[in-house]
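Quick look at input_1.txt (compact mmCIF, C-alpha atoms and all ligand atoms):
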```
# COMPACT_ATOMS: atom_id res chain seq x y z
CA MET A 26 21.72 -4.90 68.61
CA ASN A 27 19.87 -8.06 67.56
CA SER A 28 19.67 -9.45 71.08
CA LEU A 29 18.47 -6.07 72.27
CA LEU A 30 15.70 -6.12 69.70
CA LEU A 31 14.75 -9.66 70.60
CA ALA A 32 14.31 -8.59 74.21
CA ALA A 33 11.30 -6.51 73.19
CA ASN A 34 7.92 -7.80 72.17
CA THR A 35 9.05 -7.92 68.58
CA ALA A 36 6.35 -10.09 67.06
CA GLY A 37 5.62 -7.44 64.40
CA TYR A 38 9.23 -6.40 63.91
CA THR A 39 11.35 -7.73 61.06
CA THR A 40 15.10 -7.31 61.44
CA PRO A 41 16.37 -5.93 58.12
CA GLN A 42 18.65 -8.13 56.04
CA LEU A 43 22.40 -7.49 56.11
CA TRP A 44 22.48 -6.10 52.54
CA ARG A 45 19.73 -3.64 53.45
CA VAL A 46 21.62 -2.45 56.54
CA LEU A 47 24.91 -2.05 54.66
CA THR A 48 23.43 -0.31 51.61
CA LYS A 49 21.30 2.11 53.67
CA THR A 50 24.11 3.03 56.06
CA GLY A 51 26.51 3.25 53.11
CA TYR A 52 24.16 5.54 51.18
CA PHE A 53 23.85 7.97 54.08
CA ILE A 54 27.62 7.89 54.62
CA GLY A 55 27.92 8.77 50.92
CA LEU A 56 25.45 11.64 51.33
CA SER A 57 27.22 12.83 54.51
CA GLY A 58 30.41 13.03 52.46
CA ALA A 59 28.95 14.86 49.46
CA ILE A 60 26.48 17.14 51.28
CA GLY A 61 28.37 17.56 54.55
CA LEU A 62 31.74 18.26 52.98
CA THR A 63 30.51 20.72 50.34
CA VAL A 64 28.28 22.63 52.79
CA THR A 65 31.00 22.78 55.46
CA TYR A 66 33.62 23.80 52.93
CA ALA A 67 31.35 26.60 51.65
CA THR A 68 30.14 27.89 55.02
CA THR A 69 33.15 27.30 57.26
CA VAL A 70 36.46 26.38 55.64
CA ARG A 71 36.44 28.63 52.57
CA PRO A 72 35.53 31.86 54.41
CA ALA A 73 38.12 31.13 57.13
CA LEU A 74 40.85 30.43 54.55
CA ARG A 75 39.97 33.57 52.60
CA SER A 76 40.13 35.80 55.64
CA ALA A 77 43.49 34.25 56.66
CA GLU A 78 44.82 34.83 53.14
CA LYS A 79 43.56 38.40 53.13
CA ALA A 80 45.34 39.08 56.41
CA ALA A 81 48.66 37.73 55.10
CA GLY A 82 50.58 37.19 51.88
CA SER A 83 50.03 33.89 50.10
CA ASP A 84 53.31 32.30 51.17
CA THR A 85 53.83 33.68 54.66
CA GLY A 86 52.57 31.61 57.69
CA PRO A 87 48.76 31.94 57.49
CA GLY A 88 48.78 32.01 53.68
CA ALA A 89 50.85 28.81 53.50
CA ASP A 90 48.63 27.14 56.12
CA ALA A 91 45.56 28.06 54.08
CA ALA A 92 47.14 26.42 51.02
CA VAL A 93 47.77 23.20 52.98
CA LEU A 94 44.16 23.16 54.22
CA ARG A 95 42.72 23.91 50.80
CA SER A 96 44.70 21.04 49.31
CA ARG A 97 43.54 18.60 52.02
CA SER A 98 39.96 19.83 51.50
CA ALA A 99 40.27 19.07 47.78
CA THR A 100 41.53 15.54 48.50
CA SER A 101 38.71 14.95 51.01
CA LEU A 102 36.09 16.21 48.55
CA ALA A 103 37.54 13.96 45.83
CA TRP A 104 37.29 10.91 48.11
CA ALA A 105 33.73 11.91 49.01
CA GLY A 106 32.98 11.66 45.28
CA VAL A 107 34.33 8.09 45.12
CA VAL A 108 32.35 7.04 48.21
CA LEU A 109 29.16 8.63 46.81
CA LEU A 110 29.56 6.76 43.52
CA VAL A 111 30.07 3.35 45.15
CA ALA A 112 27.34 3.90 47.77
CA GLY A 113 24.95 5.18 45.09
CA TYR A 114 25.38 2.03 43.00
CA PHE A 115 24.69 -0.29 45.93
CA GLN A 116 21.73 1.82 47.06
CA LEU A 117 20.24 1.64 43.56
CA ALA A 118 20.72 -2.15 43.52
CA ALA A 119 19.01 -2.32 46.93
CA ARG A 120 16.02 -0.44 45.49
CA VAL A 121 15.90 -2.94 42.60
CA ALA A 122 16.04 -5.88 45.04
CA ARG A 123 13.21 -4.41 47.12
CA SER A 124 11.06 -3.78 44.04
CA GLY A 125 11.23 -7.45 42.92
CA LYS A 126 9.64 -9.52 45.67
CA GLY A 127 12.21 -11.97 47.00
CA MET A 128 14.88 -10.97 44.45
CA PRO A 129 18.33 -11.87 45.86
CA PHE A 130 20.51 -8.78 46.30
CA GLY A 131 23.23 -10.37 44.14
CA ASP A 132 20.83 -10.51 41.16
CA ALA A 133 19.85 -6.88 41.64
CA LEU A 134 23.45 -5.78 41.05
CA SER A 135 23.17 -6.74 37.37
CA PRO A 136 23.06 -3.75 34.97
CA ALA A 137 20.24 -5.41 33.00
CA ARG A 138 18.02 -5.65 36.09
CA ILE A 139 18.84 -2.05 37.02
CA ARG A 140 17.97 -0.91 33.47
CA ASP A 141 14.60 -2.69 33.61
CA PHE A 142 13.86 -1.10 36.97
CA LEU A 143 14.70 2.40 35.75
CA GLN A 144 12.63 1.96 32.59
CA ALA A 145 9.52 0.45 34.21
CA PRO A 146 6.34 2.32 33.11
CA ALA A 147 4.54 4.71 35.43
CA ALA A 148 1.94 3.30 37.84
CA LYS A 149 -1.71 4.25 37.26
CA GLY A 150 -2.39 7.82 38.36
CA ALA A 151 1.32 8.75 38.64
CA TRP A 152 2.47 11.86 36.78
CA ILE A 153 5.93 10.31 36.33
CA ALA A 154 7.29 6.77 36.56
CA GLN A 155 9.09 6.01 39.83
CA GLY A 156 11.95 4.54 37.77
CA THR A 157 12.35 7.86 35.93
CA VAL A 158 12.63 9.70 39.26
CA TYR A 159 15.41 7.31 40.31
CA LEU A 160 17.05 7.63 36.89
CA LEU A 161 17.17 11.41 37.32
CA GLN A 162 18.44 11.04 40.87
CA ASN A 163 21.25 8.77 39.74
CA LEU A 164 22.21 11.05 36.85
CA VAL A 165 22.55 13.90 39.35
CA LEU A 166 24.52 11.56 41.63
CA LEU A 167 26.86 10.66 38.76
CA ALA A 168 27.43 14.32 37.89
CA THR A 169 28.11 15.21 41.55
CA ALA A 170 30.53 12.30 41.98
CA ALA A 171 32.29 13.18 38.70
CA ALA A 172 32.74 16.82 39.74
CA LEU A 173 34.11 15.84 43.14
CA THR A 174 36.46 13.08 41.94
CA ALA A 175 37.84 15.48 39.32
CA LEU A 176 39.53 17.18 42.28
CA PHE A 177 42.15 14.43 42.17
CA VAL A 178 43.42 16.14 39.00
CA PRO A 179 45.97 18.92 39.77
CA ALA A 180 44.59 21.28 37.10
CA VAL A 181 41.09 21.01 38.61
CA ARG A 182 42.39 21.44 42.15
CA ARG A 183 43.35 25.00 41.29
CA HIS A 184 39.60 25.67 41.16
CA THR A 185 38.65 23.85 44.36
CA ASP A 186 36.41 26.69 45.56
CA ARG A 187 34.44 26.78 42.33
CA VAL A 188 34.09 22.99 42.08
CA ALA A 189 32.95 22.68 45.70
CA LEU A 190 30.39 25.47 45.29
CA ALA A 191 29.03 23.90 42.10
CA ALA A 192 28.87 20.42 43.64
CA LEU A 193 26.96 21.68 46.71
CA PRO A 194 23.50 22.17 45.12
CA ALA A 195 24.01 19.01 43.05
CA ALA A 196 24.74 16.99 46.21
CA LEU A 197 21.57 18.37 47.83
CA ALA A 198 19.61 17.48 44.70
CA VAL A 199 20.67 13.80 45.04
CA THR A 200 18.41 13.40 48.07
CA LEU A 201 15.77 15.98 47.10
CA VAL A 202 15.11 14.52 43.64
CA ALA A 203 14.60 11.00 45.04
CA ALA A 204 11.90 12.41 47.34
CA VAL A 205 9.79 13.90 44.52
CA PRO A 206 6.39 12.19 44.86
CA THR A 207 5.03 10.41 41.79
CA THR A 208 1.42 11.12 42.85
CA ALA A 209 0.14 14.25 44.57
CA PRO A 210 0.47 13.94 48.37
CA ALA A 211 -2.98 13.22 49.80
CA ASP A 212 -2.94 15.76 52.62
CA LEU A 213 -0.88 18.22 54.67
CA ASP A 214 0.65 15.42 56.76
CA ARG A 215 2.10 13.78 53.65
CA TRP A 216 3.65 17.09 52.59
CA LEU A 217 5.08 17.52 56.07
CA ASP A 218 6.46 13.96 56.00
CA LEU A 219 8.38 14.79 52.85
CA ALA A 220 9.61 18.16 54.14
CA PHE A 221 10.70 16.87 57.56
CA ASP A 222 12.31 13.74 56.11
CA GLN A 223 14.46 15.83 53.79
CA THR A 224 15.22 18.36 56.54
CA HIS A 225 16.31 15.44 58.74
CA ILE A 226 18.55 13.98 56.05
CA VAL A 227 20.16 17.27 55.03
CA SER A 228 20.77 18.56 58.57
CA GLY A 229 22.01 15.17 59.82
CA THR A 230 24.40 14.71 56.89
CA VAL A 231 25.72 18.29 57.09
CA TRP A 232 26.42 17.82 60.79
CA LEU A 233 28.20 14.46 60.46
CA GLY A 234 29.97 15.22 57.17
CA GLY A 235 31.15 18.55 58.57
CA LEU A 236 32.69 16.87 61.61
CA ALA A 237 34.42 14.34 59.33
CA LEU A 238 35.88 17.08 57.10
CA LEU A 239 37.23 19.00 60.07
CA VAL A 240 39.00 15.97 61.59
CA ALA A 241 40.48 15.22 58.15
CA LEU A 242 41.76 18.81 57.96
CA ALA A 243 43.10 18.74 61.53
CA GLY A 244 45.22 15.75 60.41
CA THR A 245 47.48 18.24 58.58
CA ARG A 246 48.63 19.83 61.83
CA GLY A 247 52.21 18.55 61.45
CA ARG A 248 52.52 20.67 58.29
CA LEU A 249 51.00 23.85 59.73
CA GLY A 250 52.91 26.80 61.13
CA ASP A 251 53.05 27.86 64.80
CA GLY A 252 50.39 30.50 64.23
CA ALA A 253 47.81 28.07 62.72
CA GLY A 254 45.80 28.18 65.95
CA LEU A 255 44.33 31.54 64.92
CA LEU A 256 43.02 30.19 61.63
CA TRP A 257 41.65 27.10 63.39
CA ALA A 258 39.93 29.17 66.07
CA ASP A 259 38.07 30.86 63.22
CA ILE A 260 37.17 27.49 61.63
CA TRP A 261 35.76 26.06 64.90
CA ARG A 262 33.85 29.28 65.60
CA ARG A 263 32.20 29.23 62.18
CA PHE A 264 31.41 25.51 62.35
CA SER A 265 29.86 25.75 65.79
CA LEU A 266 27.10 27.93 64.31
CA VAL A 267 26.52 25.47 61.43
CA ALA A 268 26.41 22.56 63.89
CA MET A 269 23.95 24.37 66.13
CA VAL A 270 21.52 25.03 63.28
CA CYS A 271 21.84 21.35 62.27
CA VAL A 272 21.16 20.14 65.83
CA GLY A 273 17.98 22.23 65.95
CA ALA A 274 16.79 20.97 62.56
CA VAL A 275 17.66 17.31 63.27
CA LEU A 276 15.82 17.39 66.60
CA VAL A 277 12.65 19.06 65.32
CA SER A 278 12.41 16.87 62.21
CA GLY A 279 13.41 13.76 64.23
CA LEU A 280 10.59 14.45 66.67
CA TRP A 281 8.06 14.67 63.83
CA LEU A 282 9.32 11.36 62.38
CA SER A 283 9.20 9.78 65.84
CA TRP A 284 5.63 10.98 66.45
CA LYS A 285 4.60 9.54 63.07
CA HIS A 286 5.84 6.08 63.96
CA VAL A 287 5.68 5.87 67.75
CA GLY A 288 2.23 6.10 69.36
CA ALA A 289 3.24 6.13 73.04
CA VAL A 290 6.44 6.64 75.02
CA SER A 291 6.26 3.02 76.27
CA GLN A 292 6.54 1.82 72.66
CA LEU A 293 10.17 2.94 72.82
CA TRP A 294 10.99 -0.18 74.84
CA THR A 295 8.10 -2.49 73.96
CA THR A 296 8.62 -2.57 70.17
CA GLY A 297 11.60 -3.37 67.95
CA TYR A 298 11.19 -0.06 66.11
CA GLY A 299 11.12 1.85 69.41
CA LEU A 300 14.21 0.11 70.77
CA ALA A 301 16.23 0.85 67.67
CA LEU A 302 15.10 4.49 67.89
CA LEU A 303 16.00 4.59 71.60
CA VAL A 304 19.53 3.37 70.87
CA LYS A 305 19.88 5.99 68.14
CA VAL A 306 18.59 8.82 70.34
CA GLY A 307 21.06 7.71 73.05
CA LEU A 308 23.91 8.02 70.56
CA VAL A 309 22.64 11.43 69.43
CA LEU A 310 22.57 12.56 73.07
CA GLY A 311 26.26 11.56 73.23
CA LEU A 312 26.88 13.78 70.20
CA VAL A 313 24.97 16.69 71.71
CA THR A 314 26.94 16.31 74.97
CA ALA A 315 30.23 16.43 73.07
CA GLY A 316 28.95 19.55 71.28
CA ALA A 317 28.15 21.10 74.67
CA VAL A 318 31.71 20.35 75.89
CA ASN A 319 32.99 22.20 72.84
CA GLN A 320 30.67 25.15 73.43
CA PHE A 321 31.09 25.55 77.18
CA TRP A 322 34.64 24.34 77.73
CA LEU A 323 36.74 24.55 74.58
CA MET A 324 35.33 27.56 72.73
CA PRO A 325 35.64 29.95 75.72
CA ARG A 326 39.23 28.79 76.33
CA ILE A 327 40.05 29.27 72.68
CA ALA A 328 38.59 32.80 72.75
CA ARG A 329 40.63 33.70 75.85
CA ALA A 330 43.88 32.30 74.42
CA ARG A 331 43.20 34.28 71.27
CA ARG A 332 42.68 37.49 73.22
CA ALA A 333 45.82 36.91 75.29
CA ASP A 334 47.87 36.23 72.14
CA ASP A 335 48.84 32.91 73.70
CA THR A 336 49.88 31.18 70.47
CA ALA A 337 51.00 27.90 72.06
CA SER A 338 47.75 27.37 74.02
CA LEU A 339 45.68 28.38 71.01
CA ARG A 340 47.45 25.83 68.84
CA HIS A 341 47.10 23.10 71.46
CA LEU A 342 43.39 23.76 72.06
CA THR A 343 42.41 24.06 68.41
CA LEU A 344 44.62 21.36 66.92
CA HIS A 345 44.88 18.75 69.68
CA HIS A 346 41.99 19.07 72.13
CA PHE A 347 39.25 20.00 69.71
CA PRO A 348 39.97 17.31 67.06
CA LEU A 349 40.07 14.69 69.83
CA VAL A 350 36.50 15.49 70.88
CA VAL A 351 35.42 15.71 67.25
CA TRP A 352 36.94 12.27 66.51
CA GLY A 353 34.69 10.90 69.27
CA GLU A 354 31.74 12.65 67.61
CA VAL A 355 32.56 11.11 64.21
CA VAL A 356 32.59 7.62 65.77
CA LEU A 357 29.21 8.29 67.41
CA GLY A 358 27.90 9.67 64.11
CA VAL A 359 28.86 6.52 62.22
CA ALA A 360 27.15 4.49 64.97
CA VAL A 361 23.98 6.61 64.47
CA LEU A 362 24.02 5.75 60.76
CA ALA A 363 24.68 2.06 61.49
CA VAL A 364 21.65 1.85 63.82
CA MET A 365 19.37 3.86 61.49
CA PRO A 366 18.41 0.95 59.12
CA PHE A 367 17.05 -0.95 62.14
CA ILE A 368 14.45 1.81 62.60
CA ALA A 369 12.25 -0.03 60.11
CA GLY A 370 8.49 -0.47 59.89
CA SER A 371 6.55 1.37 62.59
CA ALA A 372 6.14 1.04 66.35
CA ARG A 373 2.48 2.05 65.93
CA THR A 374 1.87 -0.93 63.61
CA GLU A 375 3.80 -3.29 65.92
CA ALA A 376 1.78 -2.16 68.94
CA GLY A 377 -1.54 -2.00 67.05
CA SER A 378 -2.12 1.68 67.85
CA ALA A 379 -3.87 4.18 65.59
CA LYS A 380 -2.14 5.87 62.67
CA ALA A 381 -0.75 9.35 63.41
CA VAL A 382 -3.03 12.18 62.29
CA SER A 383 -1.95 15.75 63.03
CA SER A 384 -4.17 18.26 64.84
CA GLY A 385 -4.16 21.90 65.91
CA SER A 386 -2.89 20.99 69.37
CA LEU A 387 0.00 18.96 67.91
CA PHE A 388 1.08 21.99 65.84
CA ALA A 389 0.73 24.26 68.90
CA ALA A 390 2.94 21.89 70.94
CA GLY A 391 5.39 21.68 68.01
CA ALA A 392 5.57 25.47 67.72
CA ALA A 393 6.21 25.79 71.48
CA LEU A 394 8.96 23.20 71.17
CA VAL A 395 10.62 25.01 68.25
CA VAL A 396 10.59 28.28 70.21
CA ALA A 397 12.00 26.55 73.35
CA LEU A 398 14.74 24.91 71.28
CA ALA A 399 15.64 28.16 69.51
CA VAL A 400 15.81 29.98 72.86
CA SER A 401 18.01 27.29 74.41
CA LEU A 402 20.39 27.22 71.43
CA TYR A 403 20.60 31.02 71.53
CA ALA A 404 21.24 30.88 75.29
CA THR A 405 23.99 28.31 74.67
CA ALA A 406 25.73 30.64 72.23
CA LYS A 407 25.38 33.60 74.63
CA ALA A 408 26.62 31.60 77.63
CA SER A 409 29.60 30.39 75.61
CA ASP A 410 30.41 34.05 74.71
CA ALA A 411 30.01 35.14 78.33
CA LEU A 412 32.41 32.39 79.49
CA ALA A 413 34.90 33.57 76.87
CA ARG A 414 34.81 37.10 78.34
CA ARG A 415 35.52 36.02 81.92
CA PRO A 416 38.68 37.52 83.38
CA ALA A 417 41.66 35.21 84.03
CA GLY A 418 41.10 34.96 87.83
CA VAL A 419 37.55 33.65 87.42
CA ARG A 420 38.80 31.28 84.74
CA ALA A 421 41.21 29.60 87.15
CA ALA A 422 38.34 28.91 89.55
CA ALA A 423 36.06 27.60 86.77
C1 LIG B 501 23.07 13.02 64.26
C2 LIG B 501 21.77 12.97 64.31
C3 LIG B 501 20.91 12.20 63.36
C4 LIG B 501 21.19 11.71 62.12
C5 LIG B 501 22.50 11.81 61.33
C6 LIG B 501 19.99 11.06 61.63
C7 LIG B 501 19.88 10.46 60.39
C8 LIG B 501 18.76 9.81 59.95
C9 LIG B 501 18.60 9.25 58.64
C10 LIG B 501 19.65 9.33 57.54
C11 LIG B 501 17.37 8.68 58.57
C12 LIG B 501 16.78 7.94 57.37
C13 LIG B 501 15.83 8.86 56.66
C14 LIG B 501 15.20 8.16 55.46
O1 LIG B 501 15.48 6.99 55.19
O2 LIG B 501 14.38 8.80 54.78
C15 LIG B 501 16.75 8.85 59.86
C16 LIG B 501 15.51 8.36 60.18
C17 LIG B 501 14.89 8.62 61.40
N1 LIG B 501 15.35 9.44 62.42
FE1 LIG B 501 17.17 10.28 62.52
N2 LIG B 501 19.01 11.14 62.60
C18 LIG B 501 19.54 11.83 63.68
C19 LIG B 501 18.88 12.16 64.84
C20 LIG B 501 17.60 11.78 65.16
C21 LIG B 501 16.89 12.13 66.38
C22 LIG B 501 17.47 13.00 67.50
C23 LIG B 501 15.66 11.56 66.30
C24 LIG B 501 14.51 11.62 67.29
C25 LIG B 501 14.22 12.62 68.04
C26 LIG B 501 15.56 10.84 65.05
C27 LIG B 501 14.47 10.12 64.61
C28 LIG B 501 14.40 9.43 63.43
C29 LIG B 501 13.29 8.58 63.04
C30 LIG B 501 12.04 8.29 63.86
C31 LIG B 501 13.62 8.06 61.78
C32 LIG B 501 12.86 7.01 60.99
C33 LIG B 501 11.83 7.53 60.07
C34 LIG B 501 11.14 6.35 59.39
O3 LIG B 501 10.84 5.33 60.05
O4 LIG B 501 10.91 6.48 58.20
N3 LIG B 501 16.76 11.01 64.38
N4 LIG B 501 17.60 9.55 60.67
```
The structure in this file should be written as structure tokens.
Amino acid sequence: MNSLLLAANTAGYTTPQLWRVLTKTGYFIGLSGAIGLTVTYATTVRPALRSAEKAAGSDTGPGADAAVLRSRSATSLAWAGVVLLVAGYFQLAARVARSGKGMPFGDALSPARIRDFLQAPAAKGAWIAQGTVYLLQNLVLLATAAALTALFVPAVRRHTDRVALAALPAALAVTLVAAVPTTAPADLDRWLDLAFDQTHIVSGTVWLGGLALLVALAGTRGRLGDGAGLLWADIWRRFSLVAMVCVGAVLVSGLWLSWKHVGAVSQLWTTGYGLALLVKVGLVLGLVTAGAVNQFWLMPRIARARRADDTASLRHLTLHHFPLVVWGEVVLGVAVLAVMPFIAGSARTEAGSAKAVSSGSLFAAGAALVVALAVSLYATAKASDALARRPAGVRAAA
């Protein structure tokens, strides 16, 4: 990565320090765990488990499989709480280090320094002190981590659904509270910066955290019954909708952020900021391609096996093939988060181009793009359905 950045005209680019890279990546891994796992549990896993349990008794095949998956979900959520807590502490120390010019990161880890930072008085014109905003954020983070880690306790695990649903809004608040501006945003662009930044964070973390939860759950396959493929087909079907919404939101918000900081396409390879962004977008394209393989290749095959009551194929596709692709996606996702701290500063500043100011034509182009993206995602879902309905003869030729 470093040599790649050095290849560009990086006079105005400062490579972030190692502690900054580790704390930023760690923080977003922590958020992916807390936000991604709770949202995916609520929107995908819980409804699929409930419908499997409704269709069967609690200790026959599907009911027993649901119990195994609920227990693994609880363990995953509990670990997400631990990761959030650790990542939150280091992220807070990183904020302290950045606030004191030249403060070594090691010094910023001290509770006394952190206390001073959180209690610093408000700046002139601010309606609230920045330290107070971070204090609130970290109290919410503590509460979220406490609720999630409580799932290690057997008595709490009996209420996994309730704990996960309560932790979901709290996990979202961890990022949203930190974004509360201490002075009124100067114009519409500043408001949009805040909105798109949070949209980017939430959709990106839901997508990556969701993938991570599902590979963790697929790891239980040795303990699941022969008929578990049916339950898993339902899980993948539900998650594919969540993932598609996240892809749309990540792309639209990512394009806004890119436009803010990159003044011309050539800045993608002539500036350090642009190069880091280019590497990240390449990794995201890998993720989108894997998602397309799932939509156009795996989902239709799963639907056909389901229709044909082919239990063995259904199990193989949903519990072997699918998790393999998703493992690849998780690796790419971690790489995206590892590259993200290098997208620092601004390509516009490096290249000396004008600051981004929105205009009517930018919003018109943005609206056209949103419509085009929505249409193509809708077409993807429809094409995937149509492939699923193909008769067996056509399938062999496909
Ligand atoms: C899996 C997909 C993605 C994930 C998980 C992700 C995640 C993130 C995160 C966590 C941040 C840091 C936000 C902050 O510190 O406030 C970020 C920043 C950024 N992302 Fe993404 N992102 C993804 C895809 C994309 C795509 C496709 C683009 C471009 C089209 C993009 C463009 C950007 C830009 C330009 C920034 C930097 C904003 C700045 O300099 O402040 N991202 N991303």
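The environment of Gly307 (chain A) within 10 Å, counting only C-alpha atoms and disregarding residues fewer than 5 places along the same chain, consists of Ala301, Leu302, Leu312, Val313, Leu357 and Val361 of chain A.
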Can I get the residues of chain A within 7 Å of ligand LIG 501 (chain B), each with the closest pair of atoms and their distance in Å to one decimal, using only C-alpha atoms and all ligand atoms, sorted chain first then ascending number, as CSV?
```
residue,atom,partner,partner_atom,distance
A:Phe53,CA,B:LIG501,C10,5.6
A:Asp222,CA,B:LIG501,O2,5.5
A:His225,CA,B:LIG501,C8,6.3
A:Ile226,CA,B:LIG501,C10,5.0
A:Gly229,CA,B:LIG501,C5,3.7
A:Thr230,CA,B:LIG501,C5,5.6
A:Trp232,CA,B:LIG501,C1,6.8
A:Leu233,CA,B:LIG501,C5,6.3
A:Val275,CA,B:LIG501,C19,5.5
A:Leu276,CA,B:LIG501,C22,4.8
A:Gly279,CA,B:LIG501,C26,3.7
A:Leu280,CA,B:LIG501,C25,4.3
A:Leu282,CA,B:LIG501,C30,4.4
A:Ser283,CA,B:LIG501,C30,3.8
A:His286,CA,B:LIG501,O3,6.4
A:Leu302,CA,B:LIG501,C30,6.3
A:Lys305,CA,B:LIG501,C20,6.9
A:Val306,CA,B:LIG501,C22,5.2
A:Val309,CA,B:LIG501,C2,5.4
A:Gly358,CA,B:LIG501,C1,5.9
A:Val361,CA,B:LIG501,C5,6.3
A:Leu362,CA,B:LIG501,C5,6.3
A:Met365,CA,B:LIG501,C15,5.9
A:Ile368,CA,B:LIG501,O3,5.7
A:Ala369,CA,B:LIG501,O3,5.5
A:Gly370,CA,B:LIG501,O3,6.3
A:Ser371,CA,B:LIG501,O3,6.4
```
query: Within 10 Å of (22.7, 18.2, 43.5), in the coordinates the file gives, what residues turn up when you count all atoms listed in the file, written out as a list of chain:residue names?
result: A:Ala59, A:Ile60, A:Gln162, A:Leu164, A:Val165, A:Leu166, A:Leu167, A:Ala168, A:Thr169, A:Ala170, A:Ala191, A:Ala192, A:Leu193, A:Pro194, A:Ala195, A:Ala196, A:Leu197, A:Ala198, A:Val199, A:Thr200, A:Leu201, A:Val202
Give me the residues near region 204-217 of chain A as a PyMOL selection string, where near means some atom within 12 Å (using all atoms listed in the file) and where sequence neighbours in that chain fewer than 5 positions away do not count. chain A and resi 146-159+161-162+197-199+222-226+278+281-282+284-285+380-384+387-388
Atom pair CA of Val395 (chain A) + CA of Ala411 (chain A), distance 24.1 Å
Leaving out region 96-104 of chain A and any residue of its chain fewer than 3 positions from it, which residues lie within 7 Å of it when counting all atoms listed in the file, given as a PDB file with C-alpha atoms, in the coordinates of the input?
```pdb
ATOM      1  CA  LEU A  62      31.740  18.260  52.980  1.00  0.00           C
ATOM      2  CA  ALA A  92      47.140  26.420  51.020  1.00  0.00           C
ATOM      3  CA  VAL A  93      47.770  23.200  52.980  1.00  0.00           C
ATOM      4  CA  VAL A 107      34.330   8.090  45.120  1.00  0.00           C
ATOM      5  CA  VAL A 108      32.350   7.040  48.210  1.00  0.00           C
ATOM      6  CA  LEU A 173      34.110  15.840  43.140  1.00  0.00           C
ATOM      7  CA  THR A 174      36.460  13.080  41.940  1.00  0.00           C
ATOM      8  CA  ALA A 175      37.840  15.480  39.320  1.00  0.00           C
ATOM      9  CA  LEU A 176      39.530  17.180  42.280  1.00  0.00           C
ATOM     10  CA  PHE A 177      42.150  14.430  42.170  1.00  0.00           C
ATOM     11  CA  ARG A 182      42.390  21.440  42.150  1.00  0.00           C
ATOM     12  CA  THR A 185      38.650  23.850  44.360  1.00  0.00           C
ATOM     13  CA  LEU A 242      41.760  18.810  57.960  1.00  0.00           C
TER      14      LEU A 242
END
```
One decimal place gives the CA of Ser401 (chain A)-CA of Val277 (chain A) separation as 13.4 Å
Correct to one decimal, the distance CA of Thr245 (chain A)-CA of Leu339 (chain A) is 16.1 Å
